[in-house]
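Trainee: Contents of structure_23.csv (CSV, C-alpha atoms) are given next:
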chain,number,residue,atom,x,y,z
C,19,MET,CA,184.4,0.7,-132.3
C,20,LYS,CA,184.5,4.5,-132.4
C,21,PHE,CA,182.5,7.1,-134.1
C,22,ARG,CA,183.7,10.6,-134.6
C,23,ARG,CA,181.5,13.6,-134.7
C,24,SER,CA,182.4,17.3,-134.4
C,25,GLY,CA,185.8,16.4,-133.1
C,26,ILE,CA,184.5,14.3,-130.3
C,27,ASN,CA,185.3,10.6,-130.1
C,28,ALA,CA,182.4,8.7,-128.7
C,29,ALA,CA,182.7,5.0,-128.0
C,30,ILE,CA,179.5,3.1,-128.4
C,31,SER,CA,179.0,-0.5,-127.3
C,32,PRO,CA,176.4,-2.1,-129.6
C,33,GLN,CA,175.0,-4.2,-126.8
C,34,THR,CA,174.5,-1.5,-124.2
C,35,SER,CA,173.9,1.9,-125.8
C,36,GLN,CA,171.6,3.6,-128.2
C,37,PRO,CA,173.1,5.7,-130.9
C,38,ALA,CA,172.6,9.4,-130.2
C,39,ASN,CA,171.7,10.5,-133.7
C,40,TRP,CA,171.0,9.4,-137.2
C,41,HIS,CA,174.7,9.6,-138.2
C,42,GLU,CA,175.7,7.3,-135.4
C,43,ARG,CA,172.7,5.0,-136.1
C,44,ILE,CA,173.8,4.5,-139.7
C,45,SER,CA,177.5,4.1,-138.7
C,46,LEU,CA,176.4,1.5,-136.1
C,47,ASP,CA,174.2,-0.4,-138.6
C,48,LEU,CA,177.2,-0.6,-141.0
C,49,ALA,CA,179.6,-1.6,-138.3
C,50,GLN,CA,177.3,-4.4,-137.1
C,51,ASN,CA,176.6,-5.8,-140.5
C,52,PHE,CA,179.9,-5.4,-142.4
C,53,HIS,CA,183.5,-6.2,-141.6
C,54,VAL,CA,184.9,-3.0,-140.1
C,55,ASP,CA,188.6,-2.4,-139.7
C,56,ASP,CA,189.1,0.3,-137.2
C,57,GLN,CA,192.9,0.3,-137.6
C,58,MET,CA,192.6,1.4,-141.2
C,59,ILE,CA,191.0,4.8,-140.3
C,60,GLU,CA,193.1,5.7,-137.3
C,61,PRO,CA,193.9,8.6,-137.1
C,62,THR,CA,192.0,9.9,-140.2
C,63,GLY,CA,188.6,11.6,-139.7
C,64,ALA,CA,186.6,9.1,-141.7
C,65,ASP,CA,183.7,7.3,-140.1
C,66,LEU,CA,184.4,3.7,-141.0
C,67,ALA,CA,186.7,1.5,-143.0
C,68,ILE,CA,185.0,-1.7,-144.3
C,69,ARG,CA,187.2,-4.4,-145.5
C,70,GLU,CA,186.4,-7.4,-147.7
C,71,GLY,CA,189.3,-9.4,-149.0
C,72,SER,CA,191.7,-7.0,-150.7
C,73,ARG,CA,189.1,-4.2,-151.0
C,74,VAL,CA,188.7,-1.4,-148.4
C,75,ALA,CA,185.8,1.0,-148.5
C,76,VAL,CA,186.5,4.3,-146.6
C,77,VAL,CA,183.0,5.3,-145.6
C,78,GLU,CA,181.9,8.8,-144.7
C,79,VAL,CA,178.3,9.2,-143.4
C,80,LYS,CA,177.2,12.8,-144.2
C,81,THR,CA,173.8,13.6,-142.7
C,82,GLY,CA,172.5,17.1,-142.6
C,83,ASP,CA,169.7,19.3,-143.8
C,84,PRO,CA,168.1,17.4,-146.7
C,85,ASN,CA,166.9,20.6,-148.3
C,86,LEU,CA,170.5,21.6,-148.9
C,87,PRO,CA,172.8,20.5,-151.7
C,88,LEU,CA,175.7,18.2,-150.9
C,89,PRO,CA,178.5,20.4,-149.3
C,90,SER,CA,180.8,21.4,-152.1
C,91,SER,CA,183.9,20.3,-150.2
C,92,THR,CA,182.7,16.7,-150.0
C,93,ALA,CA,184.9,15.3,-152.8
C,94,SER,CA,188.0,16.9,-151.4
C,95,GLN,CA,187.2,15.6,-147.9
C,96,MET,CA,186.8,12.0,-149.3
C,97,ARG,CA,190.0,12.2,-151.3
C,98,MET,CA,191.8,13.4,-148.1
C,99,TYR,CA,190.5,10.4,-146.1
C,100,VAL,CA,191.4,7.9,-148.8
C,101,ALA,CA,194.9,9.4,-149.1
C,102,ASP,CA,195.4,9.1,-145.4
C,103,VAL,CA,194.3,5.4,-145.4
C,104,GLN,CA,196.4,4.6,-148.5
C,105,LYS,CA,199.5,5.8,-146.5
C,106,LYS,CA,198.8,3.1,-144.0
C,107,VAL,CA,198.5,0.3,-146.6
C,108,ASP,CA,201.5,-1.7,-147.4
C,109,PRO,CA,202.0,-1.4,-151.2
C,110,ALA,CA,203.0,-5.1,-151.3
C,111,GLN,CA,199.5,-6.0,-150.2
C,112,GLU,CA,197.9,-4.6,-153.4
C,113,MET,CA,194.8,-3.4,-151.7
C,114,GLU,CA,192.1,-1.4,-153.4
C,115,VAL,CA,191.1,1.6,-151.3
C,116,PHE,CA,188.0,3.5,-152.4
C,117,PRO,CA,185.8,6.1,-150.9
C,118,VAL,CA,182.1,5.6,-150.2
C,119,LEU,CA,179.8,8.5,-149.3
C,120,VAL,CA,176.5,7.8,-147.5
C,121,THR,CA,174.3,10.9,-147.5
C,122,ASN,CA,170.9,12.4,-147.2
C,123,TYR,CA,171.8,15.7,-148.8
C,124,GLN,CA,170.5,16.6,-152.2
C,125,VAL,CA,172.9,15.2,-154.8
C,126,SER,CA,172.6,16.9,-158.2
C,127,SER,CA,173.6,15.2,-161.5
C,128,ALA,CA,176.6,17.6,-161.5
C,129,ASP,CA,177.6,16.4,-158.0
C,130,ARG,CA,177.1,12.8,-159.0
C,131,GLN,CA,179.3,13.3,-162.1
C,132,GLU,CA,182.0,15.1,-160.1
C,133,LEU,CA,182.1,12.4,-157.4
C,134,ALA,CA,182.0,9.6,-160.0
C,135,ASP,CA,184.9,11.2,-161.9
C,136,GLN,CA,186.9,10.9,-158.7
C,137,GLY,CA,186.0,7.3,-158.0
C,138,ILE,CA,183.6,8.2,-155.1
C,139,LYS,CA,180.6,5.8,-154.7
C,140,ILE,CA,177.4,7.4,-153.4
C,141,VAL,CA,174.8,5.7,-151.4
C,142,GLU,CA,171.8,7.9,-150.9
C,143,ILE,CA,169.6,7.6,-147.9
C,144,SER,CA,166.1,8.9,-147.2
C,145,PRO,CA,165.9,12.6,-146.4
C,146,ALA,CA,164.5,12.1,-142.8
C,147,GLU,CA,165.5,9.6,-140.1
C,148,SER,CA,161.8,8.7,-139.7
C,149,LEU,CA,161.8,7.3,-143.3
C,150,TYR,CA,165.0,5.3,-142.9
C,151,ASP,CA,164.6,1.7,-143.9
C,152,ARG,CA,167.6,-0.3,-142.6
C,153,ASN,CA,167.1,-3.3,-145.0
C,154,ALA,CA,166.7,-1.1,-148.1
C,155,PHE,CA,169.8,0.8,-147.0
C,156,PHE,CA,171.8,-2.5,-146.6
C,157,ASN,CA,170.6,-3.7,-150.0
C,158,SER,CA,171.5,-0.4,-151.7
C,159,PHE,CA,174.9,-0.3,-149.9
C,160,SER,CA,175.7,-3.9,-150.9
C,161,SER,CA,174.9,-3.4,-154.5
C,162,ILE,CA,176.7,-0.1,-154.9
C,163,VAL,CA,179.8,-1.0,-152.9
C,164,GLY,CA,179.9,-4.7,-153.9
C,165,PHE,CA,180.2,-6.0,-150.3
C,166,GLN,CA,178.1,-8.8,-148.8
C,167,LYS,CA,176.2,-8.2,-145.6
C,168,GLN,CA,177.4,-10.5,-142.8
C,169,SER,CA,174.7,-12.9,-141.7
Q,13,MET,CA,187.4,26.0,-140.0
Q,14,TYR,CA,185.4,27.3,-142.9
Q,15,CYS,CA,181.9,28.2,-143.9
Q,16,GLU,CA,179.8,27.1,-146.8
Q,17,ILE,CA,177.1,29.5,-147.8
Q,18,VAL,CA,174.2,28.2,-149.9
Q,19,ALA,CA,171.9,30.6,-151.6
Q,20,LYS,CA,168.6,29.3,-152.9
Q,21,HIS,CA,167.3,31.4,-155.8
Q,22,GLY,CA,163.7,31.9,-156.8
Q,23,ASN,CA,164.5,31.2,-160.5
Q,24,THR,CA,167.0,29.0,-162.2
Q,25,ILE,CA,170.4,30.5,-162.4
Q,26,THR,CA,173.5,29.9,-164.5
Q,27,ALA,CA,177.1,30.3,-163.7
Q,28,ASN,CA,177.5,33.1,-166.2
Q,29,GLN,CA,174.6,35.0,-164.8
Q,30,LEU,CA,176.0,34.7,-161.3
Q,31,GLU,CA,179.5,35.7,-162.4
Q,32,THR,CA,178.2,38.7,-164.3
Q,33,ALA,CA,176.1,39.8,-161.3
Q,34,ILE,CA,178.6,39.5,-158.5
Q,35,ARG,CA,182.2,39.4,-159.8
Q,36,LYS,CA,182.5,43.2,-160.5
Q,37,PRO,CA,180.7,44.4,-157.4
Q,38,PHE,CA,182.8,42.3,-155.0
Q,39,GLY,CA,186.0,42.9,-156.9
Q,40,ASN,CA,189.3,42.0,-155.2
Q,41,ASP,CA,189.9,39.0,-157.4
Q,42,VAL,CA,192.2,36.2,-156.1
Q,43,PRO,CA,193.4,33.5,-158.5
Q,44,LEU,CA,191.7,30.2,-157.8
Q,45,ALA,CA,195.1,28.5,-157.2
Q,46,THR,CA,196.0,31.1,-154.6
Q,47,ALA,CA,192.6,30.7,-152.9
Q,48,TYR,CA,192.9,26.9,-152.8
Q,49,GLY,CA,196.4,27.3,-151.4
Q,50,ARG,CA,195.0,29.3,-148.4
Q,51,SER,CA,192.2,26.8,-147.7
Q,52,ALA,CA,192.7,24.0,-145.2
Q,53,ILE,CA,190.6,21.5,-147.2
Q,54,TYR,CA,191.5,22.5,-150.7
Q,55,LYS,CA,195.2,23.1,-150.2
Q,56,SER,CA,196.1,19.4,-150.8
Q,57,TYR,CA,192.9,18.4,-152.6
Q,58,PRO,CA,191.7,21.2,-154.9
Q,59,PRO,CA,188.4,20.7,-156.5
Q,60,PRO,CA,188.3,20.2,-160.3
Q,61,ASN,CA,186.3,23.4,-160.9
Q,62,SER,CA,185.1,26.6,-159.2
Q,63,LEU,CA,184.0,29.9,-160.8
Q,64,PHE,CA,186.3,32.5,-159.2
Q,65,ALA,CA,187.5,33.8,-155.9
Q,66,PHE,CA,187.9,37.1,-154.2
Q,67,GLU,CA,189.0,38.7,-150.9
Q,68,THR,CA,186.3,39.7,-148.5
Q,69,MET,CA,185.9,41.5,-145.2
Q,70,ARG,CA,187.9,40.7,-142.0
Q,71,ASN,CA,190.9,39.1,-143.8
Q,72,CYS,CA,188.7,36.3,-145.3
Q,73,PHE,CA,188.3,35.1,-148.8
Q,74,VAL,CA,185.4,33.6,-150.8
Q,75,ILE,CA,185.5,30.9,-153.5
Q,76,VAL,CA,182.4,30.8,-155.7
Q,77,ARG,CA,182.2,27.1,-155.8
Q,78,SER,CA,179.3,26.2,-157.9
Q,79,VAL,CA,175.9,27.1,-159.4
Q,80,ASN,CA,173.3,24.4,-159.8
Q,81,VAL,CA,169.8,25.2,-161.1
Q,82,HIS,CA,168.4,26.9,-158.0
Q,83,PHE,CA,171.4,26.9,-155.7
Q,84,SER,CA,174.7,28.8,-155.7
Q,85,THR,CA,177.4,27.8,-153.2
Q,86,PHE,CA,180.2,29.9,-151.7
Q,87,HIS,CA,183.2,28.8,-149.6
Q,88,LEU,CA,184.3,31.4,-147.0
Q,89,GLU,CA,187.5,30.9,-145.0
Q,90,GLY,CA,190.1,33.0,-143.2
Q,91,ASN,CA,193.2,33.9,-145.1
Q,92,THR,CA,195.3,32.5,-142.3
Q,93,THR,CA,194.7,29.9,-139.6
Q,94,VAL,CA,194.8,32.5,-136.9
Q,95,ILE,CA,191.5,34.1,-137.9
Q,96,PRO,CA,189.1,33.2,-135.0
Q,97,VAL,CA,185.8,31.5,-135.8
Q,98,GLU,CA,183.9,34.5,-134.4
Q,99,THR,CA,185.6,36.7,-136.9
Q,100,MET,CA,184.9,34.3,-139.7
Q,101,LEU,CA,181.2,34.1,-138.7
Q,102,GLN,CA,181.1,37.9,-138.6
Q,103,ALA,CA,182.6,38.0,-142.1
Q,104,ALA,CA,180.0,35.5,-143.3
Q,105,GLN,CA,177.2,37.7,-141.9
Q,106,GLU,CA,178.6,40.8,-143.7
Q,107,PHE,CA,179.2,38.8,-146.9
Q,108,CYS,CA,175.6,37.5,-146.8
Q,109,ASP,CA,174.3,41.0,-146.4
Q,110,ALA,CA,176.3,42.3,-149.3
Q,111,LEU,CA,175.5,39.2,-151.5
Q,112,MET,CA,171.7,39.6,-150.9
Q,113,LEU,CA,171.9,43.3,-152.0
Q,114,VAL,CA,173.9,42.5,-155.1
Q,115,LEU,CA,171.7,39.6,-156.1
Q,116,LYS,CA,168.6,41.7,-155.6
Q,117,THR,CA,169.8,44.5,-157.9
Q,118,SER,CA,170.6,42.0,-160.6
Q,119,ASN,CA,167.3,40.1,-160.5
Q,120,LEU,CA,168.9,36.9,-159.2
Q,121,LYS,CA,167.2,37.4,-155.8
Q,122,ALA,CA,167.9,34.7,-153.3
Q,123,LYS,CA,164.9,33.2,-151.4
Q,124,SER,CA,167.1,32.0,-148.6
Q,125,LEU,CA,170.7,31.8,-147.4
Q,126,THR,CA,172.1,29.0,-145.3
Q,127,VAL,CA,175.5,29.0,-143.6
Q,128,GLN,CA,177.1,25.9,-142.4
Q,129,LEU,CA,180.4,25.7,-140.4
Q,130,PHE,CA,182.8,22.9,-141.2
Q,131,GLU,CA,185.9,21.7,-139.5
Q,132,ASP,CA,189.2,21.8,-141.5
Q,133,ASN,CA,188.8,18.1,-142.5
Q,134,GLY,CA,185.4,18.8,-144.1
Q,135,ARG,CA,183.2,17.4,-141.3
Q,136,GLU,CA,180.1,19.3,-140.3
Q,137,SER,CA,180.7,21.1,-137.0
Q,138,GLY,CA,176.9,21.0,-136.4
Q,139,MET,CA,176.6,24.7,-136.5
Q,140,GLN,CA,174.2,25.9,-139.2
Q,141,GLY,CA,172.4,29.3,-139.6
Q,142,LYS,CA,169.7,30.7,-141.8
Q,143,ARG,CA,169.4,34.3,-142.7
Q,144,ILE,CA,166.3,35.8,-141.0
Q,145,GLY,CA,163.7,37.2,-143.3
Q,146,TRP,CA,160.1,38.4,-142.9
Q,147,VAL,CA,158.7,35.0,-143.9
Q,148,SER,CA,160.7,33.1,-141.3
Q,149,VAL,CA,159.8,35.6,-138.6
Q,150,PHE,CA,156.1,35.4,-139.5
Q,151,LYS,CA,156.2,31.6,-139.6
Q,152,GLU,CA,157.8,31.5,-136.2
Q,153,LYS,CA,155.5,34.0,-134.6
Q,154,PHE,CA,152.3,32.4,-136.1
Q,155,SER,CA,153.4,28.9,-135.2
Q,156,TRP,CA,151.1,26.8,-132.9
Q,157,LYS,CA,153.8,27.0,-130.1
Q,158,GLU,CA,153.6,30.7,-130.0
Q,159,LEU,CA,149.8,31.0,-130.5
Q,160,LYS,CA,148.8,28.3,-128.1
Q,161,SER,CA,148.8,30.4,-124.9
Q,162,ALA,CA,146.7,33.1,-126.5
Q,163,ILE,CA,144.1,30.8,-128.1
Q,164,ILE,CA,142.8,29.3,-124.8
Q,165,PRO,CA,141.7,32.7,-123.3
Q,166,PHE,CA,140.4,33.7,-126.8
Q,167,VAL,CA,138.2,30.6,-127.2
Q,168,THR,CA,137.1,30.9,-123.6
Q,169,ALA,CA,136.0,34.5,-124.0
Q,170,VAL,CA,134.2,33.8,-127.3
Q,171,LEU,CA,132.3,30.9,-125.8
Q,172,LEU,CA,131.3,32.9,-122.6
Q,173,ILE,CA,130.1,35.8,-124.7
Q,174,TRP,CA,128.3,33.4,-127.1
Q,175,ARG,CA,126.6,31.5,-124.2
Q,176,GLY,CA,125.9,34.8,-122.4
Q,177,LEU,CA,127.7,33.6,-119.3
Q,178,GLU,CA,129.7,36.8,-118.5
Q,179,GLN,CA,127.5,37.4,-115.4
Q,180,LYS,CA,127.5,33.8,-114.2
Q,181,PRO,CA,130.8,33.3,-112.4
Q,182,LEU,CA,130.3,29.6,-111.5
Q,183,LYS,CA,129.3,28.5,-115.0
Q,184,SER,CA,132.0,30.8,-116.5
Q,185,PHE,CA,134.6,29.1,-114.3
Q,186,ILE,CA,133.4,25.6,-115.3
Q,187,TYR,CA,133.4,26.5,-119.0
Q,188,GLY,CA,136.9,28.1,-118.7
Q,189,LEU,CA,138.2,25.0,-116.9
Q,190,LEU,CA,136.8,22.6,-119.4
Q,191,ILE,CA,138.3,24.6,-122.3
Q,192,VAL,CA,141.8,24.5,-120.6
Q,193,LEU,CA,141.4,20.8,-120.0
Q,194,ALA,CA,140.3,20.1,-123.5
Q,195,PHE,CA,143.3,22.0,-125.0
Q,196,THR,CA,145.7,20.3,-122.6
Q,197,LEU,CA,144.3,16.9,-123.4
Q,198,ALA,CA,144.6,17.6,-127.2
Q,199,ASP,CA,148.1,18.9,-126.7
Q,200,ALA,CA,149.1,15.8,-124.6
Q,201,ILE,CA,147.7,13.4,-127.2
Q,202,ALA,CA,149.5,15.2,-130.0
Q,203,GLY,CA,152.8,15.4,-128.0
Q,204,GLY,CA,152.6,11.8,-126.9
Q,205,TRP,CA,151.9,10.6,-130.4
Q,206,ALA,CA,155.0,12.5,-131.8
Q,207,ALA,CA,157.3,11.5,-129.0
Q,208,ARG,CA,156.2,7.9,-128.3
Q,209,GLY,CA,159.0,5.4,-127.9
Q,210,LYS,CA,161.7,8.0,-127.7
Q,211,ILE,CA,164.1,8.2,-124.8
Q,212,ALA,CA,163.7,11.3,-122.7
Q,213,TRP,CA,167.2,12.3,-121.6
Q,214,LYS,CA,167.7,14.4,-118.5
Q,215,LEU,CA,171.0,15.6,-117.1
Q,216,ARG,CA,171.1,14.5,-113.5
Q,217,GLN,CA,173.6,15.7,-110.9
Q,218,THR,CA,175.2,12.9,-109.1
Starting from the coordinates I provided, produce the structure as structure tokens.
Mentor:
Amino acid sequence: MKFRRSGINAAISPQTSQPANWHERISLDLAQNFHVDDQMIEPTGADLAIREGSRVAVVEVKTGDPNLPLPSSTASQMRMYVADVQKKVDPAQEMEVFPVLVTNYQVSSADRQELADQGIKIVEISPAESLYDRNAFFNSFSSIVGFQKQS
Amino acid sequence: MYCEIVAKHGNTITANQLETAIRKPFGNDVPLATAYGRSAIYKSYPPPNSLFAFETMRNCFVIVRSVNVHFSTFHLEGNTTVIPVETMLQAAQEFCDALMLVLKTSNLKAKSLTVQLFEDNGRESGMQGKRIGWVSVFKEKFSWKELKSAIIPFVTAVLLIWRGLEQKPLKSFIYGLLIVLAFTLADAIAGGWAARGKIAWKLRQT
């Protein structure tokens, strides 16, 4: 599996390496516990595509300074990724492709509304890595996205 | 690449207040549709709303994206893709200087300004800057990291004077050494507690 950050593709083997930062740790946690389809996001910039039946979640993990508001270009970025993935999906397959944002930025009610209006689901995580609770994150992700964690 | 500039205001602020304060002083209006058309990220996926846009220094433009309670957000990007990142960062610096002045004169003073650099696909480049102010300089200079080296001789001197040991070299030496050891031990315990369990990476030449 591959994680992209700052234009650099870094291959991480779950058995041998430690994720270098929080962004990679979350991506790795998702990849190890949900059914990831790498083919779907090549060559888009999205972090992960998680597939369950005919539903595909295009996931972007946005971690940054938790004192700052969510970058205002986030919704456009997510729409760009989803459009790129949709181009790869055979219309005959009737797949539902939807964007999921995982973030520790401050999400205001206006941001939330704007993202919801564009069909973007938001999974908020704790502001700091030291407060990150993996199980709570999985529960939150599963309930918001509607995917079951693999046992 | 493009920059997002986030101003944090001391008081709550509305979109109307911001527009009244900055639209006229900056001038050089650009229709939003034109500004979106010049932007790598907004060209194909324009946002549903922004306040207004204008030309700024060094062949760059600014889109006033949003106002939210204490924050106002500005998108700054080059008019063409050939504008180098260095030029755009310089334009961001000059725009921030001008913005601070304009906000100050209109009682919408910004407490802080943060600039983040993004790649064309909206991903954080990892480059983030904060405008330096008196508070941040004082916080840095009066941090424990900066004061640590000065505190040891200060405590040593105070103790020696208090104990009347200035004229007793051996005792002075022992007291000085004990103080240095005590500070080093305290520092090691604090550092060890904070860093325990983490992998200490080193770049080794092979």
Trainee: Excluding His87 of chain Q and residues on its chain fewer than 2 positions from it, collect all residues at most 10 Å away from it, counting only C-alpha atoms, and give them as a list in words.
Mentor: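 The neighbour list is Pro89, Ser90 and Ser91 of chain C; Tyr14, Cys15, Glu16, Ile17, Val18, Ser51, Ala65, Phe73, Val74, Ile75, Val76, Arg77, Ser78, Thr85, Glu89, Ala104, Val127 and Gln128 of chain Q.
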Trainee: Using 12 Å as the limit and counting all atoms listed in the file, can you tabulate each residue of chain C that touches chain Q, with its shortest atom-to-atom distance in Å and the two atoms involved, as a tab-separated table?
Mentor:
residue	atom	partner	partner_atom	distance
C:Arg22	CA	Q:Arg135	CA	9.6
C:Arg23	CA	Q:Arg135	CA	7.8
C:Ser24	CA	Q:Ser137	CA	4.9
C:Gly25	CA	Q:Ser137	CA	8.0
C:Ile26	CA	Q:Ser137	CA	10.3
C:Ser35	CA	Q:Ile211	CA	11.7
C:Gln36	CA	Q:Ile211	CA	9.4
C:Pro37	CA	Q:Ile211	CA	11.2
C:Ala38	CA	Q:Ile211	CA	10.1
C:Asn39	CA	Q:Lys210	CA	11.9
C:His41	CA	Q:Glu136	CA	11.3
C:Thr62	CA	Q:Asn133	CA	9.1
C:Gly63	CA	Q:Asn133	CA	7.1
C:Ala64	CA	Q:Arg135	CA	9.0
C:Asp65	CA	Q:Arg135	CA	10.2
C:Glu78	CA	Q:Arg135	CA	9.3
C:Val79	CA	Q:Arg135	CA	9.8
C:Lys80	CA	Q:Arg135	CA	8.1
C:Thr81	CA	Q:Glu136	CA	8.8
C:Gly82	CA	Q:Glu136	CA	8.2
C:Asp83	CA	Q:Gln140	CA	9.2
C:Asn85	CA	Q:Lys20	CA	10.0
C:Leu86	CA	Q:Val18	CA	7.6
C:Pro87	CA	Q:Phe83	CA	7.7
C:Leu88	CA	Q:Thr85	CA	10.0
C:Pro89	CA	Q:Glu16	CA	7.3
C:Ser90	CA	Q:Arg77	CA	6.9
C:Ser91	CA	Q:Gly134	CA	6.5
C:Thr92	CA	Q:Gly134	CA	6.8
C:Ala93	CA	Q:Pro59	CA	7.4
C:Ser94	CA	Q:Tyr57	CA	5.3
C:Gln95	CA	Q:Gly134	CA	5.3
C:Met96	CA	Q:Gly134	CA	8.7
C:Arg97	CA	Q:Tyr57	CA	7.0
C:Met98	CA	Q:Tyr57	CA	6.8
C:Tyr99	CA	Q:Asn133	CA	8.7
C:Val100	CA	Q:Tyr57	CA	11.3
C:Ala101	CA	Q:Tyr57	CA	9.9
C:Asp102	CA	Q:Asn133	CA	11.5
C:Gln124	CA	Q:Phe83	CA	10.9
C:Val125	CA	Q:Asn80	CA	10.5
C:Ser126	CA	Q:Asn80	CA	7.7
C:Ser127	CA	Q:Asn80	CA	9.4
C:Ala128	CA	Q:Asn80	CA	7.7
C:Asp129	CA	Q:Asn80	CA	9.3
C:Gln131	CA	Q:Pro60	CA	11.5
C:Glu132	CA	Q:Pro60	CA	8.1
C:Leu133	CA	Q:Pro60	CA	10.4
C:Asp135	CA	Q:Pro60	CA	9.8
C:Gln136	CA	Q:Pro60	CA	9.5
C:Ser148	CA	Q:Ala206	CA	11.1
Trainee: Using all atoms listed in the file, find the one residue out of C:Leu66, C:Leu119, C:Met113, C:Val141 that sits nearest to Ala154 of chain C.
Mentor: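 Using all atoms listed in the file, the shortest distance to Ala154 of chain C belongs to C:Val141.
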Trainee: Need the shell around segment 114-118 of chain C: protein/DNA/RNA residues with any atom at most 7 Å away, counting all atoms listed in the file. Skip same-chain ones fewer than 5 positions apart. Format as a list in words?
Mentor: Ser72, Arg73, Val74, Ala75, Val76, Val77, Glu78, Met96, Val100, Gln104, Ile138, Lys139 and Ile140 of chain C
Trainee: Within 10 Å of segment 151-166 of chain Q, counting all atoms listed in the file, which residues qualify if same-chain residues fewer than 2 places away don't, as a list in words?
Mentor: Trp146, Val147, Ser148, Val149, Thr168, Ala169, Val170, Leu171, Gly188, Ile191, Val192, Leu193, Ala194, Phe195, Thr196 and Asp199 of chain Q
Trainee: Please save C-alpha atoms of the selected residues as a short mmCIF file (atom, residue, chain, number, x, y, z; two decimals), in the coordinates of the input.
Mentor:
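Output file part_0.cif follows:
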data_model
loop_
_atom_site.label_atom_id
_atom_site.label_comp_id
_atom_site.auth_asym_id
_atom_site.auth_seq_id
_atom_site.Cartn_x
_atom_site.Cartn_y
_atom_site.Cartn_z
CA TRP Q 146 160.10 38.40 -142.90
CA VAL Q 147 158.70 35.00 -143.90
CA SER Q 148 160.70 33.10 -141.30
CA VAL Q 149 159.80 35.60 -138.60
CA THR Q 168 137.10 30.90 -123.60
CA ALA Q 169 136.00 34.50 -124.00
CA VAL Q 170 134.20 33.80 -127.30
CA LEU Q 171 132.30 30.90 -125.80
CA GLY Q 188 136.90 28.10 -118.70
CA ILE Q 191 138.30 24.60 -122.30
CA VAL Q 192 141.80 24.50 -120.60
CA LEU Q 193 141.40 20.80 -120.00
CA ALA Q 194 140.30 20.10 -123.50
CA PHE Q 195 143.30 22.00 -125.00
CA THR Q 196 145.70 20.30 -122.60
CA ASP Q 199 148.10 18.90 -126.70
#
Trainee: Could you check the closest approach to Phe165 of chain C for each of C:Glu60, C:Glu70, C:Asp55, C:Asp108 and tell me which residue wins, using all atoms listed in the file?
Mentor: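 So, comparing all the options, the nearest one is C:Glu70.
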Trainee: Could you tell me how far atom CA of Thr121 of chain C lies from atom CA of Gln50 of chain C, in Å and to one decimal?
Mentor: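 So the two atoms, atom CA of Thr121 of chain C and atom CA of Gln50 of chain C, lie 18.7 Å apart.
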Trainee: What is the atom CA of Arg208 of chain Q-atom CA of Leu149 of chain C distance in Å, reported with one decimal?
Mentor: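 One can read the atom CA of Arg208 of chain Q to atom CA of Leu149 of chain C distance as 16.0 Å.
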Trainee: Between atom CA of Ile34 of chain Q and atom CA of Phe64 of chain Q, what is the distance in Å, rounded to a tenth?
Mentor: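 So the two atoms, atom CA of Ile34 of chain Q and atom CA of Phe64 of chain Q, lie 10.4 Å apart.
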